[in-house]
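Visitor: This one is model-v9.pdb, PDB, C-alpha atoms.
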```pdb
ATOM      1  CA  LEU A   1       2.978 -28.797 -10.186  1.00  0.00           C
ATOM      2  CA  ILE A   2       4.961 -27.996 -13.338  1.00  0.00           C
ATOM      3  CA  LEU A   3       8.448 -29.484 -13.505  1.00  0.00           C
ATOM      4  CA  VAL A   4      10.743 -27.544 -15.863  1.00  0.00           C
ATOM      5  CA  ILE A   5      13.988 -29.079 -17.093  1.00  0.00           C
ATOM      6  CA  GLY A   6      16.209 -26.432 -18.639  1.00  0.00           C
ATOM      7  CA  GLY A   7      17.509 -22.980 -17.784  1.00  0.00           C
ATOM      8  CA  ASP A   8      15.939 -19.820 -16.451  1.00  0.00           C
ATOM      9  CA  GLY A   9      14.593 -19.009 -19.922  1.00  0.00           C
ATOM     10  CA  SER A  10      12.732 -22.322 -20.019  1.00  0.00           C
ATOM     11  CA  LEU A  11      11.214 -21.671 -16.599  1.00  0.00           C
ATOM     12  CA  ILE A  12      10.136 -18.155 -17.587  1.00  0.00           C
ATOM     13  CA  HIS A  13       8.554 -19.537 -20.756  1.00  0.00           C
ATOM     14  CA  ALA A  14       6.621 -22.108 -18.710  1.00  0.00           C
ATOM     15  CA  ALA A  15       5.642 -19.490 -16.125  1.00  0.00           C
ATOM     16  CA  HIS A  16       3.944 -17.390 -18.797  1.00  0.00           C
ATOM     17  CA  HIS A  17       1.538 -20.281 -19.415  1.00  0.00           C
ATOM     18  CA  VAL A  18       0.464 -20.588 -15.768  1.00  0.00           C
ATOM     19  CA  ILE A  19       0.539 -16.961 -14.605  1.00  0.00           C
ATOM     20  CA  ASN A  20      -3.239 -16.749 -14.250  1.00  0.00           C
ATOM     21  CA  ASP A  21      -3.576 -20.176 -12.608  1.00  0.00           C
ATOM     22  CA  GLU A  22      -0.773 -19.797 -10.029  1.00  0.00           C
ATOM     23  CA  VAL A  23       0.357 -23.400 -10.562  1.00  0.00           C
ATOM     24  CA  PRO A  24       3.580 -24.106  -8.602  1.00  0.00           C
ATOM     25  CA  VAL A  25       6.724 -24.367 -10.731  1.00  0.00           C
ATOM     26  CA  LEU A  26       9.881 -26.363  -9.921  1.00  0.00           C
ATOM     27  CA  GLY A  27      13.052 -26.022 -11.995  1.00  0.00           C
ATOM     28  CA  ILE A  28      15.788 -28.567 -12.772  1.00  0.00           C
ATOM     29  CA  ASN A  29      18.822 -26.632 -13.988  1.00  0.00           C
ATOM     30  CA  ARG A  30      20.220 -27.643 -17.368  1.00  0.00           C
ATOM     31  CA  GLY A  31      21.123 -24.099 -18.396  1.00  0.00           C
ATOM     32  CA  ARG A  32      24.065 -21.796 -17.786  1.00  0.00           C
ATOM     33  CA  LEU A  33      23.044 -19.724 -14.753  1.00  0.00           C
ATOM     34  CA  GLY A  34      20.058 -21.159 -12.931  1.00  0.00           C
ATOM     35  CA  PHE A  35      18.881 -18.321 -10.693  1.00  0.00           C
ATOM     36  CA  LEU A  36      15.367 -19.814 -10.827  1.00  0.00           C
ATOM     37  CA  THR A  37      16.117 -23.478 -11.625  1.00  0.00           C
ATOM     38  CA  ASP A  38      18.105 -24.390  -8.552  1.00  0.00           C
ATOM     39  CA  ILE A  39      18.063 -28.228  -8.487  1.00  0.00           C
ATOM     40  CA  ARG A  40      21.109 -29.703 -10.223  1.00  0.00           C
ATOM     41  CA  PRO A  41      20.833 -32.928 -12.259  1.00  0.00           C
ATOM     42  CA  ASP A  42      22.845 -34.739  -9.568  1.00  0.00           C
ATOM     43  CA  GLU A  43      20.298 -33.680  -6.911  1.00  0.00           C
ATOM     44  CA  LEU A  44      17.176 -35.308  -8.331  1.00  0.00           C
ATOM     45  CA  SER A  45      16.540 -37.048  -5.017  1.00  0.00           C
ATOM     46  CA  LYS A  46      15.330 -33.669  -3.754  1.00  0.00           C
ATOM     47  CA  ILE A  47      12.279 -34.015  -5.984  1.00  0.00           C
ATOM     48  CA  LYS A  48      11.071 -36.931  -3.842  1.00  0.00           C
ATOM     49  CA  ASP A  49      11.267 -34.748  -0.728  1.00  0.00           C
ATOM     50  CA  ILE A  50       9.383 -31.948  -2.484  1.00  0.00           C
ATOM     51  CA  LEU A  51       6.604 -34.317  -3.552  1.00  0.00           C
ATOM     52  CA  ALA A  52       6.423 -35.443   0.086  1.00  0.00           C
ATOM     53  CA  GLY A  53       5.700 -31.858   1.100  1.00  0.00           C
ATOM     54  CA  LYS A  54       9.200 -30.815   2.176  1.00  0.00           C
ATOM     55  CA  TYR A  55       9.849 -27.608   0.261  1.00  0.00           C
ATOM     56  CA  THR A  56       9.958 -23.818   0.423  1.00  0.00           C
ATOM     57  CA  LEU A  57       7.335 -21.823  -1.483  1.00  0.00           C
ATOM     58  CA  GLU A  58       8.147 -18.376  -2.836  1.00  0.00           C
ATOM     59  CA  LYS A  59       5.601 -16.062  -4.410  1.00  0.00           C
ATOM     60  CA  ARG A  60       7.324 -13.859  -6.988  1.00  0.00           C
ATOM     61  CA  PHE A  61       5.340 -10.914  -8.286  1.00  0.00           C
ATOM     62  CA  LEU A  62       4.894 -10.174 -11.972  1.00  0.00           C
ATOM     63  CA  LEU A  63       4.386  -7.091 -14.105  1.00  0.00           C
ATOM     64  CA  SER A  64       1.710  -6.245 -16.637  1.00  0.00           C
ATOM     65  CA  ALA A  65       2.500  -3.887 -19.524  1.00  0.00           C
ATOM     66  CA  THR A  66      -0.086  -2.211 -21.759  1.00  0.00           C
ATOM     67  CA  VAL A  67       0.598  -0.085 -24.843  1.00  0.00           C
ATOM     68  CA  GLU A  68      -1.980   2.437 -26.069  1.00  0.00           C
ATOM     69  CA  HIS A  69      -1.743   4.899 -28.969  1.00  0.00           C
ATOM     70  CA  HIS A  70      -4.325   7.679 -29.150  1.00  0.00           C
ATOM     71  CA  GLY A  71      -6.814   5.539 -27.248  1.00  0.00           C
ATOM     72  CA  GLU A  72      -6.203   2.401 -29.307  1.00  0.00           C
ATOM     73  CA  LEU A  73      -4.855  -0.699 -27.556  1.00  0.00           C
ATOM     74  CA  LEU A  74      -1.724  -1.877 -29.399  1.00  0.00           C
ATOM     75  CA  GLY A  75      -0.857  -4.773 -27.106  1.00  0.00           C
ATOM     76  CA  GLN A  76      -0.576  -6.175 -23.603  1.00  0.00           C
ATOM     77  CA  ASN A  77       1.756  -8.712 -22.023  1.00  0.00           C
ATOM     78  CA  ASN A  78       3.115  -9.958 -18.704  1.00  0.00           C
ATOM     79  CA  ALA A  79       6.636 -10.220 -17.345  1.00  0.00           C
ATOM     80  CA  LEU A  80       8.345 -12.147 -14.568  1.00  0.00           C
ATOM     81  CA  ASN A  81      11.752 -10.546 -15.123  1.00  0.00           C
ATOM     82  CA  GLU A  82      11.367  -7.221 -16.856  1.00  0.00           C
ATOM     83  CA  VAL A  83       9.517  -4.957 -19.222  1.00  0.00           C
ATOM     84  CA  ALA A  84      11.979  -3.295 -21.587  1.00  0.00           C
ATOM     85  CA  ILE A  85      11.668  -0.507 -24.129  1.00  0.00           C
ATOM     86  CA  ILE A  86      14.355  -1.111 -26.728  1.00  0.00           C
ATOM     87  CA  PRO A  87      15.323   0.389 -30.106  1.00  0.00           C
ATOM     88  CA  ASP A  88      13.879  -0.949 -33.327  1.00  0.00           C
ATOM     89  CA  SER A  89      16.059  -2.996 -35.678  1.00  0.00           C
ATOM     90  CA  VAL A  90      18.567  -0.112 -35.895  1.00  0.00           C
ATOM     91  CA  PRO A  91      20.028   1.256 -32.605  1.00  0.00           C
ATOM     92  CA  HIS A  92      18.759   4.789 -32.109  1.00  0.00           C
ATOM     93  CA  MET A  93      18.475   7.258 -29.246  1.00  0.00           C
ATOM     94  CA  ASN A  94      14.867   7.501 -28.061  1.00  0.00           C
ATOM     95  CA  GLU A  95      13.103  10.278 -26.205  1.00  0.00           C
ATOM     96  CA  PHE A  96      10.417   9.541 -23.629  1.00  0.00           C
ATOM     97  CA  GLU A  97       8.878  10.808 -20.412  1.00  0.00           C
ATOM     98  CA  ILE A  98       8.445   8.808 -17.199  1.00  0.00           C
ATOM     99  CA  TYR A  99       5.541   9.223 -14.789  1.00  0.00           C
ATOM    100  CA  ILE A 100       4.909   7.413 -11.502  1.00  0.00           C
ATOM    101  CA  ASP A 101       1.286   7.427 -10.353  1.00  0.00           C
ATOM    102  CA  ASP A 102       0.670  10.256 -12.852  1.00  0.00           C
ATOM    103  CA  LYS A 103       3.435  12.389 -11.294  1.00  0.00           C
ATOM    104  CA  PHE A 104       6.090  13.521 -13.743  1.00  0.00           C
ATOM    105  CA  VAL A 105       9.509  12.065 -12.869  1.00  0.00           C
ATOM    106  CA  ALA A 106      11.842  12.868 -15.764  1.00  0.00           C
ATOM    107  CA  SER A 107      12.372  12.969 -19.487  1.00  0.00           C
ATOM    108  CA  GLN A 108      15.172  10.902 -20.959  1.00  0.00           C
ATOM    109  CA  HIS A 109      17.231  10.532 -24.097  1.00  0.00           C
ATOM    110  CA  SER A 110      18.554   6.983 -24.090  1.00  0.00           C
ATOM    111  CA  ASP A 111      18.573   3.727 -26.022  1.00  0.00           C
ATOM    112  CA  GLY A 112      15.675   2.549 -23.895  1.00  0.00           C
ATOM    113  CA  LEU A 113      14.426   1.658 -20.439  1.00  0.00           C
ATOM    114  CA  ILE A 114      14.158  -1.458 -18.270  1.00  0.00           C
ATOM    115  CA  VAL A 115      11.568  -1.895 -15.506  1.00  0.00           C
ATOM    116  CA  ALA A 116      12.459  -5.013 -13.537  1.00  0.00           C
ATOM    117  CA  THR A 117      11.013  -7.038 -10.695  1.00  0.00           C
ATOM    118  CA  PRO A 118      13.274  -8.349  -7.897  1.00  0.00           C
ATOM    119  CA  THR A 119      13.377 -11.616  -9.857  1.00  0.00           C
ATOM    120  CA  GLY A 120      14.551  -9.749 -12.961  1.00  0.00           C
ATOM    121  CA  SER A 121      17.082  -7.621 -11.090  1.00  0.00           C
ATOM    122  CA  THR A 122      19.709 -10.336 -11.690  1.00  0.00           C
ATOM    123  CA  ALA A 123      18.917 -10.539 -15.420  1.00  0.00           C
ATOM    124  CA  TYR A 124      18.785  -7.852 -18.131  1.00  0.00           C
ATOM    125  CA  ALA A 125      18.603  -5.034 -15.567  1.00  0.00           C
ATOM    126  CA  LEU A 126      21.812  -6.205 -13.887  1.00  0.00           C
ATOM    127  CA  SER A 127      23.728  -6.067 -17.157  1.00  0.00           C
ATOM    128  CA  GLY A 128      22.401  -2.525 -17.600  1.00  0.00           C
ATOM    129  CA  GLY A 129      23.933  -1.420 -14.288  1.00  0.00           C
ATOM    130  CA  GLY A 130      20.913  -1.898 -12.042  1.00  0.00           C
ATOM    131  CA  PRO A 131      21.049  -3.056  -8.400  1.00  0.00           C
ATOM    132  CA  ILE A 132      20.238  -6.547  -7.134  1.00  0.00           C
ATOM    133  CA  LEU A 133      16.914  -6.653  -5.276  1.00  0.00           C
ATOM    134  CA  HIS A 134      16.208  -9.428  -2.812  1.00  0.00           C
ATOM    135  CA  PRO A 135      13.248 -11.484  -4.154  1.00  0.00           C
ATOM    136  CA  GLN A 136      11.180 -10.829  -1.016  1.00  0.00           C
ATOM    137  CA  LEU A 137      11.218  -7.063  -1.596  1.00  0.00           C
ATOM    138  CA  ASP A 138       8.010  -5.481  -2.838  1.00  0.00           C
ATOM    139  CA  ALA A 139       9.808  -3.157  -5.222  1.00  0.00           C
ATOM    140  CA  MET A 140      10.629  -2.412  -8.844  1.00  0.00           C
ATOM    141  CA  VAL A 141      13.792  -0.961 -10.337  1.00  0.00           C
ATOM    142  CA  ILE A 142      13.816   1.470 -13.271  1.00  0.00           C
ATOM    143  CA  VAL A 143      17.058   1.215 -15.243  1.00  0.00           C
ATOM    144  CA  PRO A 144      17.895   3.589 -18.130  1.00  0.00           C
ATOM    145  CA  MET A 145      19.741   1.981 -21.046  1.00  0.00           C
ATOM    146  CA  PHE A 146      22.774   4.003 -22.161  1.00  0.00           C
ATOM    147  CA  PRO A 147      21.332   7.425 -21.212  1.00  0.00           C
ATOM    148  CA  HIS A 148      22.672  10.544 -22.908  1.00  0.00           C
ATOM    149  CA  SER A 149      23.278  12.131 -19.479  1.00  0.00           C
ATOM    150  CA  LEU A 150      25.582  10.386 -17.006  1.00  0.00           C
ATOM    151  CA  SER A 151      23.527  11.811 -14.093  1.00  0.00           C
ATOM    152  CA  VAL A 152      20.589   9.561 -15.012  1.00  0.00           C
ATOM    153  CA  ARG A 153      20.790   6.583 -12.661  1.00  0.00           C
ATOM    154  CA  PRO A 154      18.623   3.567 -11.761  1.00  0.00           C
ATOM    155  CA  ILE A 155      15.917   4.148  -9.172  1.00  0.00           C
ATOM    156  CA  VAL A 156      14.101   1.650  -6.924  1.00  0.00           C
ATOM    157  CA  ILE A 157      10.434   2.306  -6.149  1.00  0.00           C
ATOM    158  CA  GLU A 158       7.726   0.579  -4.121  1.00  0.00           C
ATOM    159  CA  GLY A 159       6.044  -2.263  -5.976  1.00  0.00           C
ATOM    160  CA  ASN A 160       2.464  -0.953  -5.958  1.00  0.00           C
ATOM    161  CA  HIS A 161       3.241   2.178  -7.972  1.00  0.00           C
ATOM    162  CA  ARG A 162       2.046   2.535 -11.559  1.00  0.00           C
ATOM    163  CA  ILE A 163       4.654   3.550 -14.106  1.00  0.00           C
ATOM    164  CA  THR A 164       3.692   5.345 -17.308  1.00  0.00           C
ATOM    165  CA  VAL A 165       6.162   5.911 -20.123  1.00  0.00           C
ATOM    166  CA  VAL A 166       5.210   8.307 -22.909  1.00  0.00           C
ATOM    167  CA  ILE A 167       7.069   7.973 -26.213  1.00  0.00           C
ATOM    168  CA  THR A 168       7.305  11.607 -27.305  1.00  0.00           C
ATOM    169  CA  PRO A 169       6.232  12.772 -30.780  1.00  0.00           C
ATOM    170  CA  ASN A 170       9.836  13.888 -31.415  1.00  0.00           C
ATOM    171  CA  ASN A 171      10.970  10.319 -32.069  1.00  0.00           C
ATOM    172  CA  THR A 172      11.888   9.584 -35.675  1.00  0.00           C
ATOM    173  CA  THR A 173      11.851   5.811 -35.128  1.00  0.00           C
ATOM    174  CA  THR A 174       9.483   3.403 -33.402  1.00  0.00           C
ATOM    175  CA  PRO A 175      10.954   1.651 -30.337  1.00  0.00           C
ATOM    176  CA  ARG A 176       9.653  -1.724 -29.253  1.00  0.00           C
ATOM    177  CA  LEU A 177       8.390  -3.044 -25.953  1.00  0.00           C
ATOM    178  CA  THR A 178       9.318  -6.546 -24.862  1.00  0.00           C
ATOM    179  CA  CYS A 179       8.278  -8.603 -21.832  1.00  0.00           C
ATOM    180  CA  ASP A 180      10.921 -11.141 -20.787  1.00  0.00           C
ATOM    181  CA  SER A 181      12.224 -10.980 -24.397  1.00  0.00           C
ATOM    182  CA  GLN A 182       9.343 -13.220 -25.462  1.00  0.00           C
ATOM    183  CA  ALA A 183       7.218 -10.862 -27.561  1.00  0.00           C
ATOM    184  CA  TYR A 184       7.517  -7.446 -29.162  1.00  0.00           C
ATOM    185  CA  ILE A 185       4.980  -4.634 -29.325  1.00  0.00           C
ATOM    186  CA  SER A 186       5.661  -1.567 -31.474  1.00  0.00           C
ATOM    187  CA  THR A 187       5.406   1.738 -29.604  1.00  0.00           C
ATOM    188  CA  PRO A 188       5.107   4.544 -32.189  1.00  0.00           C
ATOM    189  CA  PRO A 189       5.592   8.199 -31.179  1.00  0.00           C
ATOM    190  CA  GLY A 190       2.745   9.286 -28.934  1.00  0.00           C
ATOM    191  CA  SER A 191       2.324   5.850 -27.330  1.00  0.00           C
ATOM    192  CA  HIS A 192       1.531   5.508 -23.626  1.00  0.00           C
ATOM    193  CA  ILE A 193       3.033   2.469 -21.900  1.00  0.00           C
ATOM    194  CA  THR A 194       1.555   1.494 -18.530  1.00  0.00           C
ATOM    195  CA  ILE A 195       3.502  -0.875 -16.286  1.00  0.00           C
ATOM    196  CA  GLU A 196       2.139  -2.154 -12.978  1.00  0.00           C
ATOM    197  CA  LYS A 197       2.097  -5.176 -10.709  1.00  0.00           C
ATOM    198  CA  LYS A 198      -0.230  -8.068 -11.532  1.00  0.00           C
ATOM    199  CA  SER A 199      -2.532  -9.441  -8.861  1.00  0.00           C
ATOM    200  CA  GLN A 200      -1.395 -12.998  -9.661  1.00  0.00           C
ATOM    201  CA  ARG A 201       2.023 -14.232  -8.559  1.00  0.00           C
ATOM    202  CA  LEU A 202       4.370 -16.976  -9.707  1.00  0.00           C
ATOM    203  CA  HIS A 203       4.472 -19.792  -7.142  1.00  0.00           C
ATOM    204  CA  LEU A 204       8.093 -20.953  -7.212  1.00  0.00           C
ATOM    205  CA  ILE A 205       9.124 -24.151  -5.412  1.00  0.00           C
ATOM    206  CA  HIS A 206      12.575 -24.557  -3.786  1.00  0.00           C
ATOM    207  CA  PRO A 207      14.187 -27.403  -1.814  1.00  0.00           C
ATOM    208  CA  THR A 208      14.272 -26.811   1.937  1.00  0.00           C
ATOM    209  CA  ASP A 209      18.017 -26.098   1.818  1.00  0.00           C
ATOM    210  CA  TYR A 210      17.587 -23.270  -0.713  1.00  0.00           C
ATOM    211  CA  ASP A 211      19.910 -20.339   0.024  1.00  0.00           C
ATOM    212  CA  TYR A 212      19.480 -17.193  -2.086  1.00  0.00           C
ATOM    213  CA  TYR A 213      22.877 -15.793  -1.109  1.00  0.00           C
ATOM    214  CA  ALA A 214      24.588 -19.060  -2.006  1.00  0.00           C
ATOM    215  CA  THR A 215      22.943 -18.787  -5.420  1.00  0.00           C
ATOM    216  CA  LEU A 216      24.353 -15.276  -5.859  1.00  0.00           C
ATOM    217  CA  ARG A 217      27.827 -16.405  -4.820  1.00  0.00           C
ATOM    218  CA  SER A 218      27.749 -19.337  -7.202  1.00  0.00           C
ATOM    219  CA  LYS A 219      26.228 -17.668 -10.254  1.00  0.00           C
ATOM    220  CA  LEU A 220      27.998 -14.316  -9.981  1.00  0.00           C
ATOM    221  CA  HIS A 221      31.319 -15.793  -8.801  1.00  0.00           C
ATOM    222  CA  TRP A 222      31.453 -13.766  -5.625  1.00  0.00           C
ATOM    223  CA  GLY A 223      34.198 -14.404  -3.080  1.00  0.00           C
ATOM    224  CA  ARG A 224      33.871 -17.431  -0.851  1.00  0.00           C
ATOM    225  CA  LYS A 225      33.854 -17.313   2.927  1.00  0.00           C
ATOM    226  CA  LEU A 226      37.325 -16.720   4.316  1.00  0.00           C
ATOM    227  CA  HIS A 227      38.659 -19.406   6.641  1.00  0.00           C
ATOM    228  CA  TYR A 228      41.248 -18.121   9.056  1.00  0.00           C
ATOM    229  CA  SER A 229      42.319 -18.821  12.595  1.00  0.00           C
ATOM    230  CA  GLU A 230      41.742 -16.319  15.362  1.00  0.00           C
ATOM    231  CA  GLU A 231      44.444 -15.915  17.970  1.00  0.00           C
TER     232      GLU A 231
END
```
Written as structure tokens, that's how I'd like the structure from this file.
Guide:
Amino acid sequence: LILVIGGDGSLIHAAHHVINDEVPVLGINRGRLGFLTDIRPDELSKIKDILAGKYTLEKRFLLSATVEHHGELLGQNNALNEVAIIPDSVPHMNEFEIYIDDKFVASQHSDGLIVATPTGSTAYALSGGGPILHPQLDAMVIVPMFPHSLSVRPIVIEGNHRITVVITPNNTTTPRLTCDSQAYISTPPGSHITIEKKSQRLHLIHPTDYDYYATLRSKLHWGRKLHYSEE
């Protein structure tokens, strides 16, 4: 068991070290949001119950991203939240093509692209206008970042599909690929980016009273339950 004290970023950082070992991770929230670190500092007694075997285990799936350029491997990384293609140091419209299982989907002119897991649907992808996916869904969401056409919208696909993004030769700059904002890989024009589900999963521990919808209400400041009398 790995016990992480911090925010969601701290838990994601720790998760990257145990992805291949599937060691269970438990988070104590000392950050701002706490979608993944759901035990508050005033609830430390729950740790005793967890160590006694009273807990809920969730298996969150992860993504693997590989960048190749004319047959040369430029880099590979894993993501719990999202794989994002973003502009270089200077914001610039990028052109790329999207394929799903080798079937052409669309070409886009946009700042970039986010491919998020259900876990990451409440992170970077949410701020980009993507939908919230329940963590038990076997799905990914593709979210364009500031597309040139307003008809380009996010799309949710089944989790076992393979996504390929081709950076077209027309680009005059080199966008970057980032996994959970932890590392950057340059993707020069002509690069092929492959994104697919990893076989390993993150084993996330929750207290037995964990309520995903309560977490959404609390962190996103949704309306509370209305209390009214029925006549």
Visitor: For CA of Ala79 (chain A) and CA of Ala214 (chain A), quote the distance in Å rounded to one decimal.
Guide: 25.2 Å
Visitor: For the structure shown, which residues end up in the PyMOL selection byres ((chain A and resi 171-183) around 8)? Put them as a list in words, please?
Guide: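 When the PyMOL selection byres ((chain A and resi 171-183) around 8) is applied to the shown file, the picked residues are Ile12, His13, Ala65, Asn77, Asn78, Ala79, Leu80, Asn81, Glu82, Val83, Ala84, Ile85, Ile86, Pro87, Asp88, His92, Asn94, Glu95, Ile167, Thr168, Pro169, Asn170, Tyr184, Ile185, Ser186, Thr187, Pro188 and Pro189 of chain A.
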Visitor: Give me the residues within 7 Å of region 100-108 of chain A as a list of chain:residue names, counting all atoms listed in the file and dropping any in the same chain fewer than 3 places off.
Guide: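 My reading of the contact set: A:Glu95, A:Phe96, A:Glu97, A:His161, A:Arg162, A:Ile163, A:Thr164.
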Visitor: How would the residues just picked look written out with C-alpha atoms as an mmCIF file, keeping the file's coordinate frame?
Guide:
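Output saved as again34.cif:
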```cif
data_model
loop_
_atom_site.group_PDB
_atom_site.id
_atom_site.type_symbol
_atom_site.label_atom_id
_atom_site.label_comp_id
_atom_site.auth_asym_id
_atom_site.auth_seq_id
_atom_site.Cartn_x
_atom_site.Cartn_y
_atom_site.Cartn_z
ATOM 1 C CA GLU A 95 13.103 10.278 -26.205
ATOM 2 C CA PHE A 96 10.417 9.541 -23.629
ATOM 3 C CA GLU A 97 8.878 10.808 -20.412
ATOM 4 C CA HIS A 161 3.241 2.178 -7.972
ATOM 5 C CA ARG A 162 2.046 2.535 -11.559
ATOM 6 C CA ILE A 163 4.654 3.550 -14.106
ATOM 7 C CA THR A 164 3.692 5.345 -17.308
#
```
Visitor: Find the residues around Glu58 (chain A) up to 7 Å (all atoms listed in the file counted), leave out those fewer than 3 positions away in its own chain, and share them as number ranges by chain.
Guide: A: 203-205
Visitor: Using only C-alpha atoms, can you tell me which of A:Ile114, A:Leu73, A:Val4, A:Val156 comes closest to Ile132 (chain A)?
Guide: A:Val156
Visitor: Name the residues that the PyMOL selection byres ((chain A and resi 152-154) around 12) pulls out of this structure, and write them as a PyMOL selection string.
Guide: chain A and resi 105-110+113-116+121+125-126+128-132+140-151+155-157
Visitor: Filtering to C-alpha atoms, could you give me those residues as a PDB file, keeping the file's coordinate frame?
Guide:
```
ATOM      1  CA  VAL A 105       9.509  12.065 -12.869  1.00  0.00           C
ATOM      2  CA  ALA A 106      11.842  12.868 -15.764  1.00  0.00           C
ATOM      3  CA  SER A 107      12.372  12.969 -19.487  1.00  0.00           C
ATOM      4  CA  GLN A 108      15.172  10.902 -20.959  1.00  0.00           C
ATOM      5  CA  HIS A 109      17.231  10.532 -24.097  1.00  0.00           C
ATOM      6  CA  SER A 110      18.554   6.983 -24.090  1.00  0.00           C
ATOM      7  CA  LEU A 113      14.426   1.658 -20.439  1.00  0.00           C
ATOM      8  CA  ILE A 114      14.158  -1.458 -18.270  1.00  0.00           C
ATOM      9  CA  VAL A 115      11.568  -1.895 -15.506  1.00  0.00           C
ATOM     10  CA  ALA A 116      12.459  -5.013 -13.537  1.00  0.00           C
ATOM     11  CA  SER A 121      17.082  -7.621 -11.090  1.00  0.00           C
ATOM     12  CA  ALA A 125      18.603  -5.034 -15.567  1.00  0.00           C
ATOM     13  CA  LEU A 126      21.812  -6.205 -13.887  1.00  0.00           C
ATOM     14  CA  GLY A 128      22.401  -2.525 -17.600  1.00  0.00           C
ATOM     15  CA  GLY A 129      23.933  -1.420 -14.288  1.00  0.00           C
ATOM     16  CA  GLY A 130      20.913  -1.898 -12.042  1.00  0.00           C
ATOM     17  CA  PRO A 131      21.049  -3.056  -8.400  1.00  0.00           C
ATOM     18  CA  ILE A 132      20.238  -6.547  -7.134  1.00  0.00           C
ATOM     19  CA  MET A 140      10.629  -2.412  -8.844  1.00  0.00           C
ATOM     20  CA  VAL A 141      13.792  -0.961 -10.337  1.00  0.00           C
ATOM     21  CA  ILE A 142      13.816   1.470 -13.271  1.00  0.00           C
ATOM     22  CA  VAL A 143      17.058   1.215 -15.243  1.00  0.00           C
ATOM     23  CA  PRO A 144      17.895   3.589 -18.130  1.00  0.00           C
ATOM     24  CA  MET A 145      19.741   1.981 -21.046  1.00  0.00           C
ATOM     25  CA  PHE A 146      22.774   4.003 -22.161  1.00  0.00           C
ATOM     26  CA  PRO A 147      21.332   7.425 -21.212  1.00  0.00           C
ATOM     27  CA  HIS A 148      22.672  10.544 -22.908  1.00  0.00           C
ATOM     28  CA  SER A 149      23.278  12.131 -19.479  1.00  0.00           C
ATOM     29  CA  LEU A 150      25.582  10.386 -17.006  1.00  0.00           C
ATOM     30  CA  SER A 151      23.527  11.811 -14.093  1.00  0.00           C
ATOM     31  CA  ILE A 155      15.917   4.148  -9.172  1.00  0.00           C
ATOM     32  CA  VAL A 156      14.101   1.650  -6.924  1.00  0.00           C
ATOM     33  CA  ILE A 157      10.434   2.306  -6.149  1.00  0.00           C
TER      34      ILE A 157
END
```
Visitor: Compile the contact shell of Leu44 (chain A) as a PyMOL selection string: residues with an atom at most 12 Å away, counting all atoms listed in the file, same-chain residues fewer than 6 positions apart removed.
Guide: chain A and resi 3+5+26-29+38+50-51+207
Visitor: Using only C-alpha atoms, which of A:Thr215, A:Glu68, A:Arg32, A:Ile193 sits nearest His134 (chain A)?
Guide: A:Thr215
Visitor: Using only C-alpha atoms, pick whichever of A:Lys48, A:His192, A:Lys54, A:His16 has the shortest atom-to-atom distance to His69 (chain A).
Guide: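 Closest to His69 (chain A), using only C-alpha atoms: A:His192.
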Visitor: Taking into account all atoms listed in the file, which residue in the set A:Thr119, A:Ser199, A:Ser191, A:Thr208 is nearest to Gly75 (chain A)?
Guide: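 When distances to Gly75 (chain A) are compared using all atoms listed in the file, the smallest one comes from A:Ser191.
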Visitor: A:Tyr99, A:Phe61, A:Tyr213, A:Tyr55: which is nearest Val165 (chain A), counting all atoms listed in the file?
Guide: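 With all atoms listed in the file as the atom set, the closest residue is A:Tyr99.
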Visitor: As a check of understanding, name the residues that the PyMOL selection byres ((chain A and resi 160) around 8) selects in the supplied structure, as a PDB file with C-alpha atoms, keeping the file's coordinate frame.
Guide:
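As written to disk, result.pdb reads:
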```
ATOM      1  CA  ASP A 138       8.010  -5.481  -2.838  1.00  0.00           C
ATOM      2  CA  ALA A 139       9.808  -3.157  -5.222  1.00  0.00           C
ATOM      3  CA  GLU A 158       7.726   0.579  -4.121  1.00  0.00           C
ATOM      4  CA  GLY A 159       6.044  -2.263  -5.976  1.00  0.00           C
ATOM      5  CA  HIS A 161       3.241   2.178  -7.972  1.00  0.00           C
ATOM      6  CA  ARG A 162       2.046   2.535 -11.559  1.00  0.00           C
ATOM      7  CA  GLU A 196       2.139  -2.154 -12.978  1.00  0.00           C
ATOM      8  CA  LYS A 197       2.097  -5.176 -10.709  1.00  0.00           C
TER       9      LYS A 197
END
```
Visitor: Suppose you want the space between CA of Ser10 (chain A) and CA of Gly53 (chain A); what is it in Å?
Guide: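 Straight-line distance from CA of Ser10 (chain A) to CA of Gly53 (chain A) works out to 24.2 Å.
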Visitor: Would you list the residues near (4.6, -12.6, -6.6) (no more than 6 Å away, in the coordinates of the file, using only C-alpha atoms) as number ranges by chain?
Guide: A: 59-62, 201-202
Visitor: For the selection you just gave me, I'd like the residues written to a file as a PDB file, in the frame of the given file, keeping C-alpha atoms.
Guide:
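Okay, this is what ended up in result-v1.pdb:
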```pdb
ATOM      1  CA  LYS A  59       5.601 -16.062  -4.410  1.00  0.00           C
ATOM      2  CA  ARG A  60       7.324 -13.859  -6.988  1.00  0.00           C
ATOM      3  CA  PHE A  61       5.340 -10.914  -8.286  1.00  0.00           C
ATOM      4  CA  LEU A  62       4.894 -10.174 -11.972  1.00  0.00           C
ATOM      5  CA  ARG A 201       2.023 -14.232  -8.559  1.00  0.00           C
ATOM      6  CA  LEU A 202       4.370 -16.976  -9.707  1.00  0.00           C
TER       7      LEU A 202
END
```
Visitor: Specify the axis-aligned box that encloses all atoms of region 125-144 of chain A listed in the file after padding of 4 Å on each side, stating its centre and edge lengths in Å to one decimal as JSON.
Guide:
```
{"center_x": 16.0, "center_y": -3.9, "center_z": -9.6, "size_x": 23.9, "size_y": 23.1, "size_z": 25.1}
```
Visitor: Rounded to one decimal, what separation in Å do you get between CA of Leu226 (chain A) and CA of Arg40 (chain A)?
Guide: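 CA of Arg40 (chain A) lies 25.4 Å from CA of Leu226 (chain A).
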